[in-house]
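The next block is run.txt, given as compact mmCIF, C-alpha atoms.
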```txt
# COMPACT_ATOMS: atom_id res chain seq x y z
CA MET A 1 72.96 22.63 10.89
CA ASP A 2 70.23 23.96 13.14
CA ILE A 3 71.46 26.49 15.70
CA PRO A 4 68.98 28.72 17.56
CA VAL A 5 69.74 32.46 17.49
CA ARG A 6 68.17 35.77 18.46
CA ILE A 7 68.35 38.61 15.92
CA THR A 8 68.33 42.24 17.02
CA GLY A 9 67.89 44.85 14.30
CA HIS A 10 66.54 47.80 16.26
CA PRO A 11 66.65 48.46 19.99
CA PHE A 12 64.05 46.38 21.82
CA ILE A 13 63.09 44.38 18.71
CA VAL A 14 64.35 40.80 18.99
CA ARG A 15 63.31 37.97 16.67
CA PRO A 16 64.11 34.26 16.94
CA GLY A 17 65.78 32.41 14.08
CA ARG A 18 67.80 29.31 13.30
CA ILE A 19 71.15 29.16 11.50
CA SER A 20 70.90 26.52 8.80
CA ASN A 21 74.15 27.30 6.98
CA LEU A 22 77.28 28.71 8.61
CA SER A 23 80.70 29.83 7.38
CA VAL A 24 83.54 32.10 8.52
CA SER A 25 82.19 34.91 6.32
CA GLY A 26 78.45 34.64 6.98
CA ALA A 27 75.37 32.50 7.51
CA TYR A 28 71.83 31.78 6.39
CA ILE A 29 69.25 32.28 9.12
CA ARG A 30 65.76 30.84 8.76
CA GLY A 31 62.98 32.76 10.44
CA ASP A 32 60.41 35.51 10.12
CA VAL A 33 62.75 38.48 10.24
CA ASP A 34 61.69 41.86 8.91
CA VAL A 35 64.97 43.59 8.04
CA ARG A 36 66.16 45.35 4.91
CA PRO A 37 69.26 44.36 2.94
CA LEU A 38 72.42 46.14 4.13
CA SER A 39 70.93 46.59 7.63
CA ARG A 40 73.30 46.03 10.52
CA ILE A 41 72.08 43.39 12.98
CA LEU A 42 73.33 41.58 16.06
CA VAL A 43 73.12 37.78 16.10
CA THR A 44 73.04 36.19 19.55
CA ILE A 45 73.91 32.50 19.45
CA GLU A 46 71.89 30.48 21.95
CA LEU A 47 74.15 27.72 23.19
CA PRO A 48 72.74 24.77 25.16
CA HIS A 49 73.49 24.58 28.89
CA ARG A 50 74.53 28.24 29.04
CA PRO A 51 72.67 31.21 30.45
CA LYS A 52 71.39 33.75 27.92
CA SER A 53 73.65 36.38 29.49
CA ASP A 54 76.74 34.35 28.41
CA ALA A 55 75.57 33.88 24.80
CA PRO A 56 78.05 35.15 22.19
CA ILE A 57 76.87 38.16 20.15
CA VAL A 58 78.20 38.69 16.63
CA ALA A 59 77.61 41.80 14.47
CA ALA A 60 76.53 41.24 10.86
CA PHE A 61 75.04 42.89 7.77
CA VAL A 62 72.02 41.55 5.90
CA ALA A 63 73.27 40.52 2.45
CA ARG A 64 69.93 39.24 1.11
CA LYS A 65 66.36 38.71 2.21
CA LEU A 66 64.51 35.60 1.07
CA LYS A 67 60.98 34.40 1.78
CA ASP A 68 62.00 32.09 4.63
CA GLY A 69 65.03 33.88 6.06
CA ILE A 70 68.06 36.11 5.53
CA GLY A 71 71.59 35.72 4.25
CA ILE A 72 74.11 37.61 6.36
CA GLU A 73 77.79 38.52 6.29
CA TRP A 74 79.72 38.98 9.52
CA CYS A 75 81.09 42.49 10.09
CA GLU A 76 84.41 40.87 11.01
CA PHE A 77 85.81 37.98 8.96
CA LYS A 78 85.97 34.78 11.02
CA PRO A 79 84.65 36.07 14.37
CA ALA A 80 86.03 34.14 17.34
CA ALA A 81 82.61 32.83 18.45
CA ILE A 82 81.82 31.57 14.93
CA ASN A 83 85.26 30.00 14.55
CA ARG A 84 84.80 28.08 17.84
CA LEU A 85 81.35 26.97 16.76
CA LEU A 86 82.61 25.77 13.37
CA GLN A 87 85.51 23.89 14.92
CA SER A 88 83.28 22.05 17.36
CA SER A 89 80.66 21.32 14.70
CA THR A 90 83.26 20.19 12.17
CA ALA A 91 84.98 17.93 14.68
CA ARG A 92 81.68 16.26 15.58
CA HIS A 93 80.75 15.85 11.92
CA TYR A 94 84.18 14.45 11.02
CA ARG A 95 84.07 11.85 13.81
CA HIS A 96 80.58 10.82 12.72
CA ARG A 97 81.54 10.48 9.03
CA ARG A 98 84.68 8.43 9.78
CA ALA A 99 82.72 5.89 11.81
CA SER A 100 80.15 5.21 9.11
CA THR A 101 80.57 4.18 5.51
CA ALA A 102 80.02 6.72 2.80
CA PRO A 103 76.57 6.69 1.17
CA GLY A 104 76.57 4.55 -1.95
CA ALA A 105 79.86 2.84 -1.08
CA ILE A 106 80.12 -0.82 -2.00
CA SER A 107 81.71 -3.08 0.54
CA ARG A 108 84.52 -5.41 -0.52
CA LEU A 109 82.49 -8.27 0.93
CA SER A 110 79.80 -7.78 -1.72
CA ALA A 111 82.27 -7.96 -4.65
CA PRO A 112 81.59 -11.64 -5.50
CA LEU A 113 77.92 -10.80 -5.94
CA LEU A 114 78.79 -8.25 -8.61
CA LYS A 115 80.79 -10.58 -10.87
CA HIS A 116 79.29 -11.30 -14.26
CA ARG A 117 78.72 -14.88 -15.32
CA GLY A 118 79.78 -15.49 -18.81
```

Rewrite the structure from the file as structure tokens, please.
Amino acid sequence: MDIPVRITGHPFIVRPGRISNLSVSGAYIRGDVDVRPLSRILVTIELPHRPKSDAPIVAAFVARKLKDGIGIEWCEFKPAAINRLLQSSTARHYRHRRASTAPGAISRLSAPLLKHRG
């Protein structure tokens, strides 16, 4: 997952980031963000083909700070904007996985090649 976001921790301080892991309870955001754990932030999700003024904003708390990003928990469990994003992402992923074969799967057509000669 690679979703562009803007992170606001203090008034007039906005930093870019990218969500690399997303769930109904929180997310991991990669980026150079200088915030302390337990800080309250606003995460603005930048959606393609939409003006910045229509971008959904979700409140969150910083759960952990790592060298390349932050782990956050949403202030509200399963925010509507995140739920819509997960549903659309999951649907796309599911359609893609159904069309292709699973990695490492062996086709039935290759079964004769696997028989042992005795």

Show me, as an mmCIF file with C-alpha atoms, keeping the file's coordinate frame, the residues that have an atom within 10 Å of stretch 65-81 of chain A when counting all atoms listed in the file, minus same-chain residues fewer than 3 positions from it.
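Result saved to result.cif:
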```
data_model
loop_
_atom_site.group_PDB
_atom_site.id
_atom_site.type_symbol
_atom_site.label_atom_id
_atom_site.label_comp_id
_atom_site.auth_asym_id
_atom_site.auth_seq_id
_atom_site.Cartn_x
_atom_site.Cartn_y
_atom_site.Cartn_z
ATOM 1 C CA GLY A 17 65.780 32.410 14.080
ATOM 2 C CA ARG A 18 67.800 29.310 13.300
ATOM 3 C CA ILE A 19 71.150 29.160 11.500
ATOM 4 C CA SER A 20 70.900 26.520 8.800
ATOM 5 C CA ASN A 21 74.150 27.300 6.980
ATOM 6 C CA LEU A 22 77.280 28.710 8.610
ATOM 7 C CA SER A 23 80.700 29.830 7.380
ATOM 8 C CA VAL A 24 83.540 32.100 8.520
ATOM 9 C CA SER A 25 82.190 34.910 6.320
ATOM 10 C CA GLY A 26 78.450 34.640 6.980
ATOM 11 C CA ALA A 27 75.370 32.500 7.510
ATOM 12 C CA TYR A 28 71.830 31.780 6.390
ATOM 13 C CA ILE A 29 69.250 32.280 9.120
ATOM 14 C CA ARG A 30 65.760 30.840 8.760
ATOM 15 C CA GLY A 31 62.980 32.760 10.440
ATOM 16 C CA ASP A 32 60.410 35.510 10.120
ATOM 17 C CA VAL A 33 62.750 38.480 10.240
ATOM 18 C CA ASP A 34 61.690 41.860 8.910
ATOM 19 C CA VAL A 35 64.970 43.590 8.040
ATOM 20 C CA ARG A 36 66.160 45.350 4.910
ATOM 21 C CA PRO A 37 69.260 44.360 2.940
ATOM 22 C CA LEU A 38 72.420 46.140 4.130
ATOM 23 C CA SER A 39 70.930 46.590 7.630
ATOM 24 C CA ARG A 40 73.300 46.030 10.520
ATOM 25 C CA ILE A 41 72.080 43.390 12.980
ATOM 26 C CA LEU A 42 73.330 41.580 16.060
ATOM 27 C CA VAL A 43 73.120 37.780 16.100
ATOM 28 C CA ILE A 45 73.910 32.500 19.450
ATOM 29 C CA ALA A 55 75.570 33.880 24.800
ATOM 30 C CA PRO A 56 78.050 35.150 22.190
ATOM 31 C CA ILE A 57 76.870 38.160 20.150
ATOM 32 C CA VAL A 58 78.200 38.690 16.630
ATOM 33 C CA ALA A 59 77.610 41.800 14.470
ATOM 34 C CA ALA A 60 76.530 41.240 10.860
ATOM 35 C CA PHE A 61 75.040 42.890 7.770
ATOM 36 C CA VAL A 62 72.020 41.550 5.900
ATOM 37 C CA ARG A 84 84.800 28.080 17.840
ATOM 38 C CA LEU A 85 81.350 26.970 16.760
ATOM 39 C CA LEU A 86 82.610 25.770 13.370
#
```

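Across the structure, atom CA of A:Gly9 and atom CA of A:Ser88 are spaced 27.7 Å apart.
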
Measure the distance from atom CA of A:Pro48 to atom CA of A:Arg64 in Å and round it to one decimal.
28.2 Å

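Taking atom CA of A:Thr8 and atom CA of A:Asn83 as the two end points, the separation is 21.0 Å.
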
Using all atoms of stretch 6-14 of chain A listed in the file and a margin of 6 Å per side, can you give the axis-aligned box centre and edge lengths in Å to one decimal, as JSON?
```
{"center_x": 65.7, "center_y": 42.1, "center_z": 18.1, "size_x": 17.3, "size_y": 24.7, "size_z": 19.5}
```
